[in-house]
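Just my_file.txt here, compact mmCIF, C-alpha atoms:
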# COMPACT_ATOMS: atom_id res chain seq x y z
CA MET Q 22 37.18 -27.93 -24.36
CA LYS Q 23 34.06 -29.81 -23.44
CA PRO Q 24 31.01 -27.50 -23.39
CA ASN Q 25 29.18 -27.21 -20.05
CA SER Q 26 25.84 -28.96 -20.36
CA THR Q 27 24.46 -27.96 -16.91
CA PRO Q 28 21.14 -26.16 -17.26
CA LEU Q 29 20.90 -22.66 -15.76
CA SER Q 30 18.21 -23.73 -13.31
CA LYS Q 31 20.78 -25.91 -11.57
CA VAL Q 32 23.21 -23.07 -11.12
CA SER Q 33 23.08 -21.27 -7.79
CA ALA Q 34 22.15 -17.59 -7.99
CA CYS Q 35 24.29 -16.87 -5.00
CA SER Q 36 27.60 -15.26 -5.94
CA GLN Q 37 29.20 -16.33 -2.68
CA GLY Q 38 29.18 -20.07 -2.85
CA ARG Q 39 30.42 -20.65 0.67
CA PHE Q 40 27.22 -19.09 2.13
CA SER Q 41 24.81 -20.67 -0.27
CA GLY Q 42 24.59 -23.81 1.81
CA ARG Q 43 23.66 -22.03 5.01
CA VAL Q 44 21.23 -19.37 3.86
CA ASN Q 45 17.91 -20.68 2.70
CA THR Q 46 17.11 -17.95 0.20
CA GLY Q 47 14.16 -19.85 -1.14
CA ALA Q 48 12.45 -19.93 2.25
CA MET Q 49 13.29 -16.27 2.83
CA ASN Q 50 11.78 -15.24 -0.50
CA GLY Q 51 8.74 -17.36 0.20
CA ASN Q 52 8.28 -15.75 3.61
CA THR Q 53 8.58 -12.28 2.11
CA GLN Q 54 6.08 -13.16 -0.59
CA ASP Q 55 3.66 -14.43 2.06
CA ARG Q 56 3.99 -11.20 3.98
CA ILE Q 57 3.42 -9.14 0.84
CA ARG Q 58 0.36 -11.19 0.02
CA ALA Q 59 -0.98 -10.81 3.57
CA ARG Q 60 -0.41 -7.06 3.45
CA ASP Q 61 -2.18 -6.76 0.11
CA ALA Q 62 -5.08 -8.83 1.42
CA ALA Q 63 -5.32 -6.58 4.48
CA PHE Q 64 -5.34 -3.48 2.29
CA ARG Q 65 -8.10 -4.96 0.16
CA LEU Q 66 -10.04 -5.73 3.34
CA LEU Q 67 -9.51 -2.15 4.54
CA ASN Q 68 -10.86 -0.79 1.25
CA ARG Q 69 -13.83 -3.11 1.37
CA LEU Q 70 -14.63 -2.21 4.98
CA THR Q 71 -14.33 1.50 4.28
CA THR Q 72 -16.55 1.27 1.21
CA GLY Q 73 -19.03 -0.85 3.13
CA ALA Q 74 -19.09 1.61 5.98
CA ALA Q 75 -19.67 4.53 3.60
CA VAL Q 76 -22.50 2.75 1.81
CA GLY Q 77 -23.97 1.59 5.11
CA ALA Q 78 -23.78 5.08 6.56
CA LEU Q 79 -25.52 6.55 3.53
CA ALA Q 80 -28.20 3.89 3.74
CA GLY Q 81 -28.39 4.54 7.48
CA VAL Q 82 -29.23 8.19 6.90
CA GLY Q 83 -32.09 7.09 4.66
CA VAL Q 84 -33.31 4.35 6.98
CA PHE Q 85 -33.01 6.39 10.18
CA GLY Q 86 -34.61 9.36 8.42
CA ALA Q 87 -37.52 7.19 7.31
CA VAL Q 88 -37.90 5.67 10.76
CA SER Q 89 -37.79 9.09 12.40
CA ALA Q 90 -40.35 10.32 9.89
CA SER Q 91 -42.66 7.45 10.69
CA THR Q 92 -42.33 7.84 14.46
CA ILE Q 93 -42.43 11.62 14.69
CA PRO Q 94 -43.49 13.06 11.34
CA GLY Q 95 -43.58 16.62 12.64
CA ILE Q 96 -46.54 17.67 10.56
CA THR Q 97 -50.20 17.82 11.47
CA THR Q 98 -52.31 15.28 9.76
CA THR Q 99 -55.63 16.77 10.75
CA SER Q 100 -57.23 19.57 8.80
CA GLN Q 101 -60.08 21.26 10.49
CA SER Q 102 -61.77 24.52 9.91
CA ALA Q 103 -61.35 27.18 12.51
CA SER Q 104 -63.46 30.18 13.11
CA THR Q 105 -63.39 32.83 15.72
CA THR Q 106 -66.09 35.40 16.03
CA THR Q 107 -66.29 38.34 18.30
CA SER Q 108 -69.28 40.41 18.99
CA THR Q 109 -68.50 44.00 19.69
CA SER Q 110 -71.93 44.75 20.99
CA THR Q 111 -71.97 42.17 23.74
CA GLY Q 112 -68.28 41.85 24.35
CA THR Q 113 -68.33 38.03 24.20
CA SER Q 114 -66.24 35.83 22.01
CA THR Q 115 -66.63 32.27 20.88
CA SER Q 116 -64.19 29.87 19.38
CA THR Q 117 -65.14 26.66 17.66
CA GLY Q 118 -63.43 23.95 15.71
CA LEU Q 119 -59.80 24.81 16.41
CA GLY Q 120 -57.48 22.03 15.29
CA SER Q 121 -54.40 21.26 17.32
CA SER Q 122 -51.63 18.74 17.36
CA SER Q 123 -49.38 17.52 20.14
CA THR Q 124 -46.52 16.76 17.77
CA PRO Q 125 -43.93 19.39 16.86
CA VAL Q 126 -45.32 21.36 13.97
CA ASN Q 127 -42.99 21.84 11.09
CA SER Q 128 -45.50 23.06 8.58
CA ALA Q 129 -48.90 24.52 9.19
CA SER Q 130 -52.03 22.56 8.47
CA SER Q 131 -54.52 23.91 6.03
CA GLY Q 132 -57.72 25.45 7.17
CA SER Q 133 -59.59 28.71 7.16
CA GLY Q 134 -59.15 30.95 10.15
CA VAL Q 135 -60.77 34.30 10.79
CA VAL Q 136 -59.66 36.53 13.61
CA VAL Q 137 -61.56 39.65 14.42
CA SER Q 138 -60.36 41.95 17.14
CA GLY Q 139 -62.46 44.20 19.19
CA GLY Q 140 -64.81 44.06 22.13
CA THR Q 141 -64.48 45.35 25.60
CA MET P 13 -36.14 20.45 -0.89
CA SER P 14 -39.01 20.39 1.59
CA ASP P 15 -38.56 21.44 5.20
CA THR P 16 -39.59 18.05 6.53
CA LEU P 17 -37.11 16.22 4.30
CA LEU P 18 -34.32 18.41 5.67
CA TRP P 19 -35.50 17.68 9.18
CA TYR P 20 -35.58 13.92 8.60
CA THR P 21 -32.12 14.08 7.03
CA THR P 22 -30.81 16.02 10.04
CA ARG P 23 -32.12 13.37 12.40
CA GLY P 24 -30.90 10.46 10.27
CA ALA P 25 -27.44 11.97 9.78
CA GLY P 26 -27.24 12.70 13.51
CA ALA P 27 -27.92 9.08 14.39
CA VAL P 28 -25.43 7.82 11.80
CA SER P 29 -22.81 10.28 13.05
CA LEU P 30 -23.24 8.95 16.57
CA VAL P 31 -22.74 5.36 15.39
CA LEU P 32 -19.70 6.31 13.29
CA LEU P 33 -18.16 8.34 16.11
CA THR P 34 -18.64 5.43 18.46
CA ALA P 35 -16.95 3.09 16.00
CA VAL P 36 -14.07 5.55 15.69
CA ILE P 37 -13.64 5.68 19.47
CA VAL P 38 -13.70 1.91 19.83
CA LEU P 39 -11.24 1.42 16.96
CA GLY P 40 -8.99 4.10 18.44
CA ILE P 41 -8.91 2.29 21.77
CA LEU P 42 -8.22 -1.05 20.05
CA SER P 43 -5.48 0.65 18.07
CA ALA P 44 -3.90 1.99 21.25
CA LEU P 45 -4.02 -1.52 22.70
CA ARG P 46 -2.23 -2.83 19.58
CA VAL P 47 -4.89 -5.45 19.02
CA GLN P 48 -4.18 -7.76 16.11
CA ALA P 49 -5.06 -11.22 14.93
CA ALA P 50 -4.42 -13.53 12.05
CA GLY P 51 -5.68 -11.78 8.96
CA TRP P 52 -6.19 -8.59 10.92
CA PRO P 53 -2.88 -6.70 11.19
CA ARG P 54 -2.58 -3.64 13.40
CA PHE P 55 -2.49 -1.17 10.53
CA LEU P 56 -5.96 -2.34 9.54
CA THR P 57 -7.37 -1.08 12.84
CA THR P 58 -5.50 2.20 12.51
CA GLY P 59 -6.48 2.65 8.86
CA LEU P 60 -10.13 1.92 9.54
CA HIS P 61 -10.04 4.26 12.53
CA ARG P 62 -8.68 7.06 10.34
CA ASN P 63 -11.08 6.44 7.44
CA LEU P 64 -14.14 6.30 9.69
CA ALA P 65 -13.04 9.48 11.48
CA LEU P 66 -12.94 11.33 8.16
CA MET P 67 -16.27 9.78 7.23
CA THR P 68 -17.76 10.93 10.53
CA LEU P 69 -16.82 14.50 9.66
CA VAL P 70 -18.66 14.18 6.33
CA PHE P 71 -21.85 12.95 7.97
CA LEU P 72 -21.55 15.51 10.73
CA ALA P 73 -21.31 18.16 8.03
CA LEU P 74 -24.49 16.76 6.49
CA HIS P 75 -26.15 16.81 9.93
CA ILE P 76 -25.14 20.44 10.51
CA VAL P 77 -25.85 21.79 7.04
CA THR P 78 -29.33 20.29 6.87
CA ALA P 79 -30.07 21.63 10.35
CA VAL P 80 -28.86 25.12 9.49
CA VAL P 81 -30.67 25.44 6.17
CA ASP P 82 -33.91 24.11 7.66
CA PRO P 83 -36.06 27.25 7.74
CA PHE P 84 -38.15 26.02 10.68
CA THR P 85 -35.44 26.48 13.30
CA HIS P 86 -33.71 29.56 11.83
CA LEU P 87 -30.41 28.44 13.32
CA GLY P 88 -28.08 30.44 11.11
CA TRP P 89 -24.50 29.58 10.23
CA LEU P 90 -23.10 31.28 13.34
CA THR P 91 -24.67 28.54 15.46
CA ALA P 92 -22.50 25.95 13.72
CA VAL P 93 -19.37 27.83 14.73
CA VAL P 94 -20.09 29.72 17.95
CA PRO P 95 -21.41 27.57 20.83
CA PHE P 96 -24.55 28.71 22.68
CA SER P 97 -25.34 31.38 20.08
CA SER P 98 -28.59 29.81 19.00
CA SER P 99 -31.92 31.03 20.24
CA TYR P 100 -33.37 27.58 19.57
CA ARG P 101 -32.47 25.03 22.27
CA THR P 102 -29.43 27.11 23.14
CA PHE P 103 -27.69 24.81 25.61
CA TRP P 104 -28.15 21.50 23.82
CA LEU P 105 -27.20 22.89 20.42
CA GLY P 106 -24.21 24.58 22.02
CA LEU P 107 -23.00 21.18 23.24
CA GLY P 108 -23.29 19.88 19.69
CA THR P 109 -21.19 22.77 18.39
CA ILE P 110 -18.52 22.11 21.02
CA ALA P 111 -18.44 18.39 20.23
CA PHE P 112 -18.09 19.11 16.53
CA GLU P 113 -15.28 21.59 17.05
CA LEU P 114 -13.41 19.22 19.33
CA LEU P 115 -13.70 16.48 16.74
CA LEU P 116 -12.55 18.88 14.03
CA ALA P 117 -9.50 19.78 16.12
CA ILE P 118 -8.72 16.11 16.66
CA VAL P 119 -8.95 15.27 12.96
CA VAL P 120 -6.96 18.32 11.85
CA THR P 121 -4.17 17.65 14.35
CA SER P 122 -4.12 14.01 13.28
CA LEU P 123 -3.67 15.04 9.65
CA ALA P 124 -0.94 17.50 10.70
CA ARG P 125 0.68 15.09 13.13
CA GLY P 126 4.02 15.20 11.33
CA TYR P 127 4.19 18.96 11.80
CA ILE P 128 2.97 19.39 15.37
CA GLY P 129 4.79 16.43 16.93
CA HIS P 130 3.59 13.37 18.79
CA ALA P 131 3.19 15.01 22.20
CA ALA P 132 0.86 17.79 20.98
CA TRP P 133 -1.09 15.35 18.84
CA ARG P 134 -1.54 12.99 21.78
CA LEU P 135 -2.65 15.83 24.03
CA VAL P 136 -5.31 16.96 21.57
CA HIS P 137 -6.33 13.36 20.91
CA TRP P 138 -7.27 12.94 24.57
CA LEU P 139 -10.06 15.43 23.85
CA THR P 140 -11.86 12.57 22.15
CA TYR P 141 -12.90 11.36 25.57
CA ALA P 142 -14.63 14.73 26.05
CA SER P 143 -16.03 15.05 22.54
CA TRP P 144 -17.92 11.77 22.49
CA PRO P 145 -19.92 12.17 25.74
CA ILE P 146 -20.70 15.79 24.84
CA ALA P 147 -22.04 14.58 21.50
CA VAL P 148 -24.14 11.93 23.23
CA ILE P 149 -25.56 14.46 25.69
CA HIS P 150 -26.28 16.82 22.79
CA GLY P 151 -28.24 14.04 21.10
CA ILE P 152 -30.16 13.21 24.24
CA GLY P 153 -30.93 16.82 25.06
CA THR P 154 -31.81 18.24 21.70
CA GLY P 155 -32.82 15.16 19.78
CA THR P 156 -36.43 14.97 18.71
CA ASP P 157 -36.23 11.17 18.76
CA THR P 158 -34.51 10.85 22.12
CA LEU P 159 -37.37 8.89 23.65
CA SER P 160 -38.05 6.88 20.51
CA ALA P 161 -37.21 3.21 20.97
CA TRP P 162 -34.94 3.02 17.93
CA LEU P 163 -32.73 5.95 18.91
CA LEU P 164 -32.75 4.89 22.53
CA ALA P 165 -31.48 1.46 21.44
CA ILE P 166 -28.76 3.05 19.30
CA THR P 167 -27.65 5.38 22.09
CA VAL P 168 -27.56 2.62 24.71
CA THR P 169 -25.62 0.32 22.35
CA CYS P 170 -23.09 3.07 21.63
CA VAL P 171 -22.64 3.85 25.32
CA ILE P 172 -22.15 0.18 26.16
CA ALA P 173 -19.60 -0.21 23.33
CA VAL P 174 -17.51 2.76 24.43
CA VAL P 175 -17.70 1.93 28.14
CA ALA P 176 -16.64 -1.66 27.40
CA ALA P 177 -13.76 -0.47 25.23
CA ILE P 178 -12.57 1.96 27.89
CA GLY P 179 -12.88 -0.72 30.54
CA PHE P 180 -10.89 -3.09 28.36
CA ARG P 181 -8.21 -0.46 27.91
CA VAL P 182 -8.00 0.31 31.61
CA THR P 183 -7.78 -3.33 32.63
CA ALA P 184 -5.51 -4.44 29.79
CA GLY P 185 -2.94 -1.75 30.44
CA SER P 186 -0.18 -0.88 28.01
CA ARG P 187 0.66 -3.37 25.30
CA ASP P 188 3.69 -1.49 24.16
CA PRO P 189 6.11 -4.21 23.05
CA LEU P 190 9.05 -1.89 23.66
CA LYS P 191 7.97 -1.01 27.18
CA GLU P 192 10.20 -3.54 28.92
CA PRO P 193 13.33 -2.97 26.77
CA ARG P 194 12.83 0.78 27.18
CA THR P 195 12.54 0.46 30.94
CA ASN P 196 15.63 -1.75 31.07
CA PHE P 197 17.57 0.70 28.93
CA GLN P 198 16.56 3.65 31.09
CA ALA P 199 17.55 1.76 34.24
CA ALA P 200 20.92 0.83 32.70
CA ALA P 201 21.50 4.41 31.65
CA GLN P 202 20.75 5.64 35.16
CA ARG P 203 23.11 3.06 36.68
CA ARG P 204 25.83 4.19 34.31
CA GLU P 205 25.30 7.84 35.24
CA THR P 206 25.49 7.12 38.95
CA ARG P 207 28.89 5.37 38.61
Transcribe the structure of this file into structure tokens.
Amino acid sequence: MKPNSTPLSKVSACSQGRFSGRVNTGAMNGNTQDRIRARDAAFRLLNRLTTGAAVGALAGVGVFGAVSASTIPGITTTSQSASTTTSTSTGTSTSTGLGSSSTPVNSASSGSGVVVSGGT
Amino acid sequence: MSDTLLWYTTRGAGAVSLVLLTAVIVLGILSALRVQAAGWPRFLTTGLHRNLALMTLVFLALHIVTAVVDPFTHLGWLTAVVPFSSSYRTFWLGLGTIAFELLLAIVVTSLARGYIGHAAWRLVHWLTYASWPIAVIHGIGTGTDTLSAWLLAITVTCVIAVVAAIGFRVTAGSRDPLKEPRTNFQAAAQRRETR
């Protein structure tokens, strides 16, 4: 018997020969592969966008925090001495050199303050 | 950690949370409209919507924790849970608590969607349209930087984005690809029952 010299690549993989001519399995496999590749690319894009959003949000906290600190620092920058004296004999009181700030105070400014109660 | 650093972090995290929440809303609307394009399949919108929603919760947690532990305001942990229980800016902080709890409910029901069913999930998800404006009003009312140009620009941009997305949704209508076949099937079923 003469040995078959046809290479395997020429042999159809389809077990049902009568359908092999109608069904384009090569195109179908190619289409599926394209869809798989597109799905993988979309997943990679999703991961990149999520990571980017997380990094951007973290950076945003820093940037917005810095901007908010520069616009409304919330601490007094002036440091003035304050003194309040009260005379019990005359019943008059004087106040000089009181520092104040219009911005919301989050920590007190330094300075010496003396409060003496009394008087009429 | 200094008091001022906590305060700055609270304000920064609040602004970022607003931006993230806005992005989540817009992506949710685009997801409902089944928007897709070449290289941008529908699941990408849905996936990004879900990931950003979870991320929003993280940054909201940062916003709340830094606000609570800030010794200047003495908010206390109860304020983060019970609305209008704070002595400091009671109303505006209460709105923030409500917005956070609504968002928490939306995220939890989304994660448990398989257990609670589509109808209950959808019902809770409609609360998003209440949560976002409440959060914006909270930011405007209680925010230290409300009148600052940078936060004003962020707020206005977010409002425009959400209003545009809602307008797009209202005008575009349903893009359910099965709407017509479903309607035809229901009509055929009714005709068959009447025979």
Per residue of chain Q within 9 Å of chain P, record the nearest atom pair and its distance in Å to one decimal, counting only C-alpha atoms, with rows in chain order and ascending residue number, as CSV.
residue,atom,partner,partner_atom,distance
Q:Ala59,CA,P:Gly51,CA,7.2
Q:Arg60,CA,P:Pro53,CA,8.1
Q:Ala62,CA,P:Gly51,CA,8.1
Q:Ala63,CA,P:Leu56,CA,6.6
Q:Phe64,CA,P:Leu56,CA,7.4
Q:Leu66,CA,P:Leu56,CA,8.2
Q:Leu67,CA,P:Leu56,CA,6.1
Q:Asn68,CA,P:Leu60,CA,8.8
Q:Leu70,CA,P:Leu60,CA,7.6
Q:Thr71,CA,P:Asn63,CA,6.7
Q:Ala74,CA,P:Leu64,CA,7.8
Q:Ala75,CA,P:Met67,CA,7.2
Q:Ala78,CA,P:Val28,CA,6.1
Q:Leu79,CA,P:Val28,CA,8.4
Q:Gly81,CA,P:Val28,CA,6.2
Q:Val82,CA,P:Gly24,CA,4.4
Q:Gly83,CA,P:Gly24,CA,6.7
Q:Val84,CA,P:Gly24,CA,7.3
Q:Phe85,CA,P:Gly24,CA,4.6
Q:Gly86,CA,P:Gly24,CA,4.3
Q:Ala87,CA,P:Tyr20,CA,7.1
Q:Val88,CA,P:Trp162,CA,8.2
Q:Ser89,CA,P:Tyr20,CA,6.5
Q:Ala90,CA,P:Tyr20,CA,6.1
Q:Thr92,CA,P:Ser160,CA,7.5
Q:Ile93,CA,P:Asp157,CA,7.4
Q:Pro94,CA,P:Thr16,CA,8.0
Q:Gly95,CA,P:Thr16,CA,7.4
Q:Ile96,CA,P:Thr16,CA,8.0
Q:Pro125,CA,P:Thr156,CA,8.9
Q:Asn127,CA,P:Phe84,CA,6.4
Q:Ser128,CA,P:Asp15,CA,7.9
For this session: Could you give me, as a PyMOL selection string, the residues that sit within 12 Å of (-14.1, 12.2, 25.4) in the file's coordinates, counting all atoms listed in the file?
Result: chain P and resi 33-34+36-38+40-41+110-112+114-115+118+136-149+171+174-175+178
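Taking CA of Trp89 (chain P) and CA of Leu107 (chain P) as endpoints, the distance between them is 15.6 Å.
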